[in-house]
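Q: Contents of entry-v8.csv (CSV, C-alpha atoms):
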```csv
chain,number,residue,atom,x,y,z
T,1,MET,CA,0.0,0.0,0.0
T,2,MET,CA,1.5,3.3,-1.1
T,3,ALA,CA,-0.7,5.7,0.8
T,4,ARG,CA,-0.2,9.0,2.6
T,5,LEU,CA,-2.1,11.3,5.0
T,6,ALA,CA,-3.6,14.1,3.0
T,7,GLU,CA,-5.7,16.2,5.4
T,8,ILE,CA,-6.4,16.5,9.2
T,9,TRP,CA,-9.7,17.9,10.5
T,10,ARG,CA,-11.2,18.5,13.9
T,11,HIS,CA,-14.7,19.5,15.0
T,12,PRO,CA,-14.3,21.5,18.2
T,13,ILE,CA,-18.1,21.5,18.9
T,14,LYS,CA,-19.7,18.2,17.9
T,15,ALA,CA,-21.8,18.8,14.7
T,16,HIS,CA,-21.2,22.5,14.8
T,17,GLY,CA,-18.3,23.3,12.5
T,18,ARG,CA,-15.3,21.8,10.9
T,19,GLU,CA,-11.7,23.0,11.1
T,20,ARG,CA,-8.7,21.9,9.0
T,21,VAL,CA,-5.3,21.8,10.8
T,22,GLU,CA,-1.8,21.3,9.6
T,23,HIS,CA,-0.6,19.0,12.3
T,24,ALA,CA,-1.9,17.2,15.4
T,25,THR,CA,-0.3,15.5,18.4
T,26,LEU,CA,-2.2,12.4,19.3
T,27,ALA,CA,-1.9,10.5,22.6
T,28,ALA,CA,-2.7,6.8,23.3
T,29,GLY,CA,-6.3,6.3,24.4
T,30,GLU,CA,-7.4,9.7,23.4
T,31,THR,CA,-9.2,11.4,20.6
T,32,LEU,CA,-7.7,14.0,18.2
T,33,PRO,CA,-7.0,17.1,20.4
T,34,TRP,CA,-9.9,19.5,20.4
T,35,ASP,CA,-12.1,17.2,18.4
T,36,ARG,CA,-15.7,17.1,19.7
T,37,ARG,CA,-14.4,18.9,22.9
T,38,TRP,CA,-17.9,20.1,23.4
T,39,ALA,CA,-21.3,18.9,22.3
T,40,VAL,CA,-24.7,20.7,22.3
T,41,ALA,CA,-27.3,19.0,24.4
T,42,HIS,CA,-30.9,19.5,23.3
T,43,GLU,CA,-33.8,20.1,25.7
T,44,ALA,CA,-34.6,16.4,25.8
T,45,SER,CA,-31.0,15.3,26.4
T,46,LYS,CA,-30.0,13.1,29.4
T,47,ALA,CA,-26.3,13.9,29.0
T,48,ASP,CA,-24.7,14.9,32.3
T,49,GLY,CA,-21.4,16.1,31.0
T,50,GLU,CA,-19.6,13.7,33.3
T,51,THR,CA,-19.7,10.6,31.2
T,52,TRP,CA,-19.8,9.8,27.5
T,53,ALA,CA,-23.3,9.9,26.0
T,54,PRO,CA,-24.7,8.6,22.6
T,55,CYS,CA,-25.2,11.1,19.8
T,56,ALA,CA,-29.0,11.0,20.2
T,57,ASN,CA,-28.5,13.3,23.2
T,58,PHE,CA,-27.1,16.1,21.1
T,59,SER,CA,-28.1,18.6,18.4
T,60,ARG,CA,-26.7,17.3,15.1
T,61,ALA,CA,-27.0,17.6,11.4
T,62,ALA,CA,-29.0,14.4,11.0
T,63,LYS,CA,-31.9,16.3,12.5
T,64,ALA,CA,-30.9,19.9,11.7
T,65,PRO,CA,-29.2,19.9,8.3
T,66,GLY,CA,-28.4,23.7,8.5
T,67,LEU,CA,-25.7,22.8,11.0
T,68,MET,CA,-23.7,21.2,8.3
T,69,ALA,CA,-22.7,24.5,6.7
T,70,ILE,CA,-20.9,25.7,9.9
T,71,THR,CA,-17.1,26.1,9.7
T,72,ALA,CA,-15.0,26.7,12.8
T,73,ALA,CA,-11.7,28.2,13.9
T,74,SER,CA,-10.6,27.4,17.4
T,75,ASP,CA,-8.1,29.3,19.6
T,76,PRO,CA,-6.9,26.9,22.4
T,77,SER,CA,-4.9,29.6,24.2
T,78,ALA,CA,-8.0,31.7,24.6
T,79,ASN,CA,-10.5,28.7,24.9
T,80,THR,CA,-12.6,30.2,22.1
T,81,VAL,CA,-14.2,29.0,19.0
T,82,THR,CA,-15.3,31.1,16.0
T,83,LEU,CA,-18.3,29.8,14.1
T,84,VAL,CA,-19.1,30.9,10.5
T,85,HIS,CA,-22.3,30.1,8.6
T,86,PRO,CA,-23.5,31.6,5.3
T,87,ASP,CA,-26.8,32.6,6.9
T,88,ARG,CA,-25.5,33.9,10.3
T,89,PRO,CA,-23.0,36.6,11.5
T,90,ASP,CA,-19.7,35.2,12.7
T,91,LEU,CA,-19.6,34.4,16.3
T,92,THR,CA,-16.5,34.1,18.6
T,93,PHE,CA,-17.2,32.8,22.0
T,94,ASP,CA,-16.0,30.7,25.0
T,95,PRO,CA,-18.1,27.5,25.0
T,96,ASP,CA,-17.5,27.1,28.8
T,97,SER,CA,-18.8,30.5,29.8
T,98,ASP,CA,-20.8,32.2,27.0
T,99,VAL,CA,-23.5,29.7,26.2
T,100,ASP,CA,-26.3,32.2,25.9
T,101,SER,CA,-24.6,33.9,22.9
T,102,PHE,CA,-24.2,30.6,21.2
T,103,LEU,CA,-27.8,29.5,21.8
T,104,ASP,CA,-29.1,32.8,20.3
T,105,TRP,CA,-26.8,32.4,17.3
T,106,VAL,CA,-27.7,28.8,16.5
T,107,ARG,CA,-31.5,29.1,17.2
T,108,PRO,CA,-32.4,30.1,13.6
T,109,LEU,CA,-30.6,27.0,12.2
T,110,MET,CA,-32.7,24.6,14.2
T,111,PRO,CA,-35.9,23.2,12.8
T,112,ALA,CA,-39.1,24.2,14.7
T,113,ASP,CA,-40.2,20.5,15.0
T,114,ARG,CA,-37.0,19.3,16.6
T,115,ALA,CA,-35.8,19.5,20.3
T,116,ALA,CA,-34.2,22.9,20.7
T,117,SER,CA,-30.5,23.3,21.7
T,118,ALA,CA,-30.4,23.9,25.4
T,119,ARG,CA,-26.8,23.8,26.8
T,120,ILE,CA,-23.2,23.0,25.9
T,121,VAL,CA,-21.6,19.9,27.5
T,122,ARG,CA,-17.9,19.7,27.8
T,123,SER,CA,-16.6,16.2,27.0
T,124,PRO,CA,-15.5,14.1,30.0
T,125,GLY,CA,-11.7,14.0,29.4
T,126,ARG,CA,-12.2,12.8,25.8
T,127,GLY,CA,-13.9,14.0,22.7
T,128,MET,CA,-17.6,13.3,22.5
T,129,THR,CA,-17.3,11.1,19.5
T,130,ASP,CA,-20.2,8.9,18.4
T,131,SER,CA,-18.3,5.8,19.5
T,132,ASP,CA,-18.2,4.7,23.1
T,133,PHE,CA,-14.4,4.5,23.0
T,134,PRO,CA,-12.1,7.5,22.2
T,135,SER,CA,-11.8,7.2,18.5
T,136,VAL,CA,-10.2,8.9,15.5
T,137,SER,CA,-12.1,8.6,12.2
T,138,ILE,CA,-10.2,7.7,9.0
T,139,ASN,CA,-11.6,8.2,5.6
T,140,ALA,CA,-10.2,7.6,2.1
T,141,PHE,CA,-10.5,9.8,-0.9
T,142,ALA,CA,-10.7,6.8,-3.2
T,143,SER,CA,-13.9,5.7,-1.5
T,144,HIS,CA,-15.3,9.2,-1.7
T,145,GLY,CA,-14.6,9.2,-5.4
T,146,ALA,CA,-16.5,5.9,-5.7
T,147,VAL,CA,-19.6,7.6,-4.1
T,148,GLU,CA,-19.2,10.6,-6.5
T,149,GLY,CA,-19.0,8.2,-9.4
T,150,ARG,CA,-22.2,6.5,-8.4
T,151,ILE,CA,-24.1,9.7,-7.9
T,152,GLY,CA,-22.7,11.3,-11.0
T,153,ARG,CA,-21.4,14.6,-9.7
T,154,ALA,CA,-18.8,16.1,-7.4
T,155,LEU,CA,-19.5,16.1,-3.7
T,156,SER,CA,-17.7,17.9,-0.8
T,157,HIS,CA,-15.8,15.4,1.3
T,158,ALA,CA,-16.8,17.5,4.3
T,159,ARG,CA,-20.1,15.6,4.3
T,160,TRP,CA,-18.3,12.8,6.1
T,161,ARG,CA,-17.0,14.9,9.0
T,162,GLY,CA,-13.8,12.8,9.1
T,163,ASN,CA,-10.6,13.4,11.1
T,164,LEU,CA,-7.9,11.9,8.9
T,165,TRP,CA,-8.2,11.7,5.1
T,166,ILE,CA,-6.0,9.2,3.3
T,167,GLU,CA,-5.0,9.2,-0.4
T,168,GLY,CA,-3.4,6.4,-2.4
T,169,THR,CA,-5.6,3.5,-1.5
T,170,ALA,CA,-8.2,1.5,-3.6
T,171,PRO,CA,-11.9,2.2,-3.0
T,172,TRP,CA,-13.2,0.6,0.2
T,173,GLU,CA,-9.7,-0.8,1.0
T,174,GLU,CA,-10.0,0.7,4.5
T,175,PHE,CA,-12.6,-1.9,5.5
T,176,ASP,CA,-9.8,-4.5,5.1
T,177,TRP,CA,-7.9,-2.7,7.9
T,178,ILE,CA,-10.4,-3.6,10.6
T,179,GLY,CA,-8.8,-5.8,13.2
T,180,ARG,CA,-5.3,-4.6,12.2
T,181,GLN,CA,-3.0,-1.7,13.1
T,182,LEU,CA,-2.3,1.3,10.9
T,183,GLN,CA,0.7,3.5,11.2
T,184,ILE,CA,0.5,7.1,10.2
T,185,GLY,CA,3.8,8.9,10.7
T,186,GLU,CA,4.7,8.4,14.3
T,187,VAL,CA,1.2,7.3,15.3
T,188,VAL,CA,-0.2,3.7,15.4
T,189,LEU,CA,-3.9,3.1,15.5
T,190,ASP,CA,-5.9,0.0,16.2
T,191,ILE,CA,-8.6,-0.1,13.5
T,192,ARG,CA,-11.8,-1.3,15.2
T,193,GLN,CA,-14.9,-0.8,13.2
T,194,PRO,CA,-16.6,0.8,10.1
T,195,ILE,CA,-18.5,4.0,10.5
T,196,THR,CA,-22.2,3.5,9.7
T,197,ARG,CA,-23.6,6.7,8.3
T,198,CYS,CA,-26.7,8.7,9.0
T,199,LEU,CA,-28.9,11.3,7.3
T,200,ALA,CA,-26.4,14.1,8.1
T,201,THR,CA,-24.6,13.1,4.9
T,202,ALA,CA,-27.5,14.3,2.8
T,203,ALA,CA,-26.8,18.0,3.6
T,204,ASN,CA,-24.5,20.1,1.5
T,205,PRO,CA,-21.6,21.5,3.6
T,206,GLU,CA,-21.7,24.8,1.7
T,207,THR,CA,-25.4,25.5,2.1
T,208,GLY,CA,-26.8,23.3,4.8
T,209,GLN,CA,-29.5,22.1,2.5
T,210,ARG,CA,-30.2,18.4,1.8
T,211,ASP,CA,-29.4,17.8,-1.8
T,212,ALA,CA,-28.2,14.2,-2.1
T,213,ASP,CA,-29.5,10.8,-0.9
T,214,ILE,CA,-26.2,9.5,0.2
T,215,LEU,CA,-27.6,6.6,2.2
T,216,SER,CA,-29.3,5.2,-0.9
T,217,GLU,CA,-26.1,5.6,-2.8
T,218,LEU,CA,-24.2,3.6,-0.2
T,219,ASP,CA,-26.9,1.0,-0.3
T,220,GLY,CA,-25.8,0.4,-3.9
T,221,PHE,CA,-22.4,-0.8,-2.6
T,222,GLY,CA,-24.2,-3.2,-0.2
T,223,HIS,CA,-23.7,-1.3,3.0
T,224,ARG,CA,-24.2,2.1,4.7
T,225,ASP,CA,-20.6,2.5,5.9
T,226,PHE,CA,-18.0,5.1,5.0
T,227,GLY,CA,-14.6,5.3,6.8
T,228,VAL,CA,-13.3,3.4,9.8
T,229,LEU,CA,-12.7,4.2,13.5
T,230,GLY,CA,-9.4,3.7,15.1
T,231,ALA,CA,-8.1,3.9,18.7
T,232,VAL,CA,-4.7,5.5,19.2
T,233,ILE,CA,-2.3,3.0,20.8
T,234,THR,CA,1.0,4.8,20.1
T,235,GLY,CA,1.0,8.6,20.2
T,236,GLY,CA,2.9,11.1,18.2
T,237,THR,CA,2.6,14.1,15.9
T,238,ILE,CA,1.2,13.7,12.4
T,239,ARG,CA,1.2,16.0,9.4
T,240,PRO,CA,-0.1,15.9,5.8
T,241,GLY,CA,2.3,13.9,3.7
T,242,ASP,CA,3.1,11.3,6.4
T,243,THR,CA,3.3,7.8,5.1
T,244,VAL,CA,0.4,5.4,5.9
T,245,THR,CA,1.4,1.8,6.5
T,246,LEU,CA,-0.7,-1.3,7.3
T,247,LEU,CA,1.1,-3.3,10.0
```
Translate this structure into structure tokens?
A:
Amino acid sequence: MMARLAEIWRHPIKAHGRERVEHATLAAGETLPWDRRWAVAHEASKADGETWAPCANFSRAAKAPGLMAITAASDPSANTVTLVHPDRPDLTFDPDSDVDSFLDWVRPLMPADRAASARIVRSPGRGMTDSDFPSVSINAFASHGAVEGRIGRALSHARWRGNLWIEGTAPWEEFDWIGRQLQIGEVVLDIRQPITRCLATAANPETGQRDADILSELDGFGHRDFGVLGAVITGGTIRPGDTVTLL
């Protein structure tokens, strides 16, 4: 396999913005730093902020497609996140102390028939990923291209909300990594499971409008999976261009 790491992305607030970074230092047993550091609990949520909670407890693009069009820029030194959306003014705020400003900002993006966003939960020592273990998501551009080929037009790969994007593999080759270890630069990950996708993928990351039945397109490949989840077992710093090796 002649593959390399092409892009690194994090999502400081779960389902509320994506941010591309040029390097990341991963630690064993942890998620990508500042990925899903916070999550937005809705008014029916049972999340307590002290333990991991399933995604159904949080506002997300599967229920509110407008959230997909948010981009983010985080400043760890100031503990702030800047959110940008084509239909909203830019907002810079501290998710730990300025929740009201955020709730006012996001309210117009939430459908009236869905549970309203109510509070921000800080992840309990790990990112609030969808998996019940601290995970890093790994996606392949070749598989994204296969979906584009089936639908017949270009799609933004931001639909998949991945952490690490790999180039140089065959389509769907990443599923063969499950149960094995993958080395990316200094980092080694235990690849554990595929990522089963939801309705969030139907929303265009530029507009926040649903414009593609991605789940039906995946059905055409015999599954609804895209990408894999890995657990970091050897930490280190990674950068785009790092070699990807199946161990």
Q: Counting all atoms listed in the file, figure out which residue out of T:Arg159, T:Gly17, T:Lys46, T:Gly241 gets nearest to Leu91 in chain T.
A: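 Selected residue with least distance to Leu91 in chain T: T:Gly17.
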Q: Per residue of range 56-148 of chain T within 12 Å of range 213-222 of chain T, record the nearest atom pair and its distance in Å to one decimal, counting all atoms listed in the file, with rows in chain order and ascending residue number, as a tab-separated table.
A:
```
residue	atom	partner	partner_atom	distance
T:Ala62	CA	T:Leu215	CA	11.8
T:Ser143	CA	T:Leu218	CA	10.6
T:His144	CA	T:Leu218	CA	10.6
T:Ala146	CA	T:Phe221	CA	9.5
T:Val147	CA	T:Glu217	CA	6.9
T:Glu148	CA	T:Glu217	CA	9.3
```
Q: Any idea what's packed within 10 Å of His23 in chain T, counting only C-alpha atoms, ignoring anything in its chain fewer than 3 positions away? Could you give it as a VMD selection string?
A: chain T and resid 7 to 9 20 26 237 to 240
Q: Contacts of Gly66 in chain T at 8 Å or less, counting all atoms listed in the file, minus same-chain residues fewer than 2 places along, as a list in words?
A: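 Here the answer would be Ala61, Ala64, Met68, Ala69, Ile70, Leu109, Met110, Ala203, Thr207, Gly208 and Gln209 of chain T.
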Q: Just want the 7 Å neighbourhood of Ala3 in chain T, counted on all atoms listed in the file, with same-chain residues fewer than 2 positions away dropped. Output as a short mmCIF file (atom, residue, chain, number, x, y, z; two decimals) with C-alpha atoms, in the frame of the given file.
A:
```
data_model
loop_
_atom_site.label_atom_id
_atom_site.label_comp_id
_atom_site.auth_asym_id
_atom_site.auth_seq_id
_atom_site.Cartn_x
_atom_site.Cartn_y
_atom_site.Cartn_z
CA MET T 1 0.00 0.00 0.00
CA ILE T 166 -6.00 9.20 3.30
CA GLU T 167 -5.00 9.20 -0.40
CA GLY T 168 -3.40 6.40 -2.40
CA THR T 169 -5.60 3.50 -1.50
CA THR T 243 3.30 7.80 5.10
CA VAL T 244 0.40 5.40 5.90
#
```
Q: At a cut-off of 7 Å, can you tabulate as a Markdown table every residue of range 84-177 of chain T near range 40-44 of chain T together with its closest atom pair and the distance in Å to one decimal, using only C-alpha atoms and ordering rows by chain then number?
A:
```
| residue | atom | partner | partner_atom | distance |
| --- | --- | --- | --- | --- |
| T:Ala115 | CA | T:His42 | CA | 5.7 |
| T:Ala116 | CA | T:His42 | CA | 5.4 |
| T:Ser117 | CA | T:His42 | CA | 4.1 |
| T:Ala118 | CA | T:His42 | CA | 4.9 |
| T:Arg119 | CA | T:Ala41 | CA | 5.4 |
| T:Ile120 | CA | T:Val40 | CA | 4.5 |
| T:Val121 | CA | T:Val40 | CA | 6.1 |
```
Q: Just give me the gap between CA of Ile195 in chain T and CA of Gly235 in chain T in Å, one decimal is fine.
A: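 Separating CA of Ile195 in chain T from CA of Gly235 in chain T is a distance of 22.3 Å.
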Q: Name the closest residue to Leu103 in chain T among the candidates T:Asn139, T:Asp75, T:His16, T:Thr196; distances are taken between atoms, counting all atoms listed in the file.
A: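 Answer, going by the shortest atom-to-atom distance: T:His16.
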Q: Hey, which of T:Arg122, T:Arg114, T:Arg150, T:Lys63 ends up closest to Trp34 in chain T? Count all atoms listed in the file.
A: T:Arg122
Q: Residues proximal to (-23.4, 10.0, 24.6) were defined as those with any atom within 9 Å of that point in the file's coordinates, counting all atoms listed in the file. Which are they, as a PyMOL selection string?
A: chain T and resi 46-47+51-58+128-132
Q: Taking (-7.5, -7.8, 11.8) in the file's coordinates, which residues come within 12 Å, counting only C-alpha atoms, written as a PyMOL selection string?
A: chain T and resi 174-182+190-193+246-247
Q: Using only C-alpha atoms, which protein or nucleic acid residues come within 7 Å of Arg36 in chain T? Drop anything in the same chain fewer than 5 positions from it, and give the result as a PDB file with C-alpha atoms, in the coordinates of the input.
A:
```pdb
ATOM      1  CA  HIS T  11     -14.700  19.500  15.000  1.00  0.00           C
ATOM      2  CA  PRO T  12     -14.300  21.500  18.200  1.00  0.00           C
ATOM      3  CA  ILE T  13     -18.100  21.500  18.900  1.00  0.00           C
ATOM      4  CA  LYS T  14     -19.700  18.200  17.900  1.00  0.00           C
ATOM      5  CA  GLY T 127     -13.900  14.000  22.700  1.00  0.00           C
ATOM      6  CA  MET T 128     -17.600  13.300  22.500  1.00  0.00           C
ATOM      7  CA  THR T 129     -17.300  11.100  19.500  1.00  0.00           C
TER       8      THR T 129
END
```
Q: From the list T:Ile138, T:Ala15, T:Leu155, T:Ala27, which residue is nearest Gly230 in chain T when using all atoms listed in the file?
A: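 Using all atoms listed in the file, the shortest distance to Gly230 in chain T belongs to T:Ile138.
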Q: CA of Ser59 in chain T and CA of Asp96 in chain T, how far apart in Å?
A: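 A separation of 17.1 Å between them.
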Q: Would you compute the distance between CA of Glu19 in chain T and CA of Gly149 in chain T? Give it in Å to one decimal.
A: 26.3 Å
Q: Find the spatial neighbours of Arg197 in chain T, counting all atoms listed in the file, within a cut-off of 8 Å - ignore same-chain residues fewer than 4 positions away - and output them as a tab-separated table (two decimals) with C-alpha atoms, in the coordinates of the input.
A:
```tsv
chain	number	residue	atom	x	y	z
T	201	THR	CA	-24.60	13.10	4.90
T	215	LEU	CA	-27.60	6.60	2.20
T	224	ARG	CA	-24.20	2.10	4.70
T	225	ASP	CA	-20.60	2.50	5.90
T	226	PHE	CA	-18.00	5.10	5.00
```
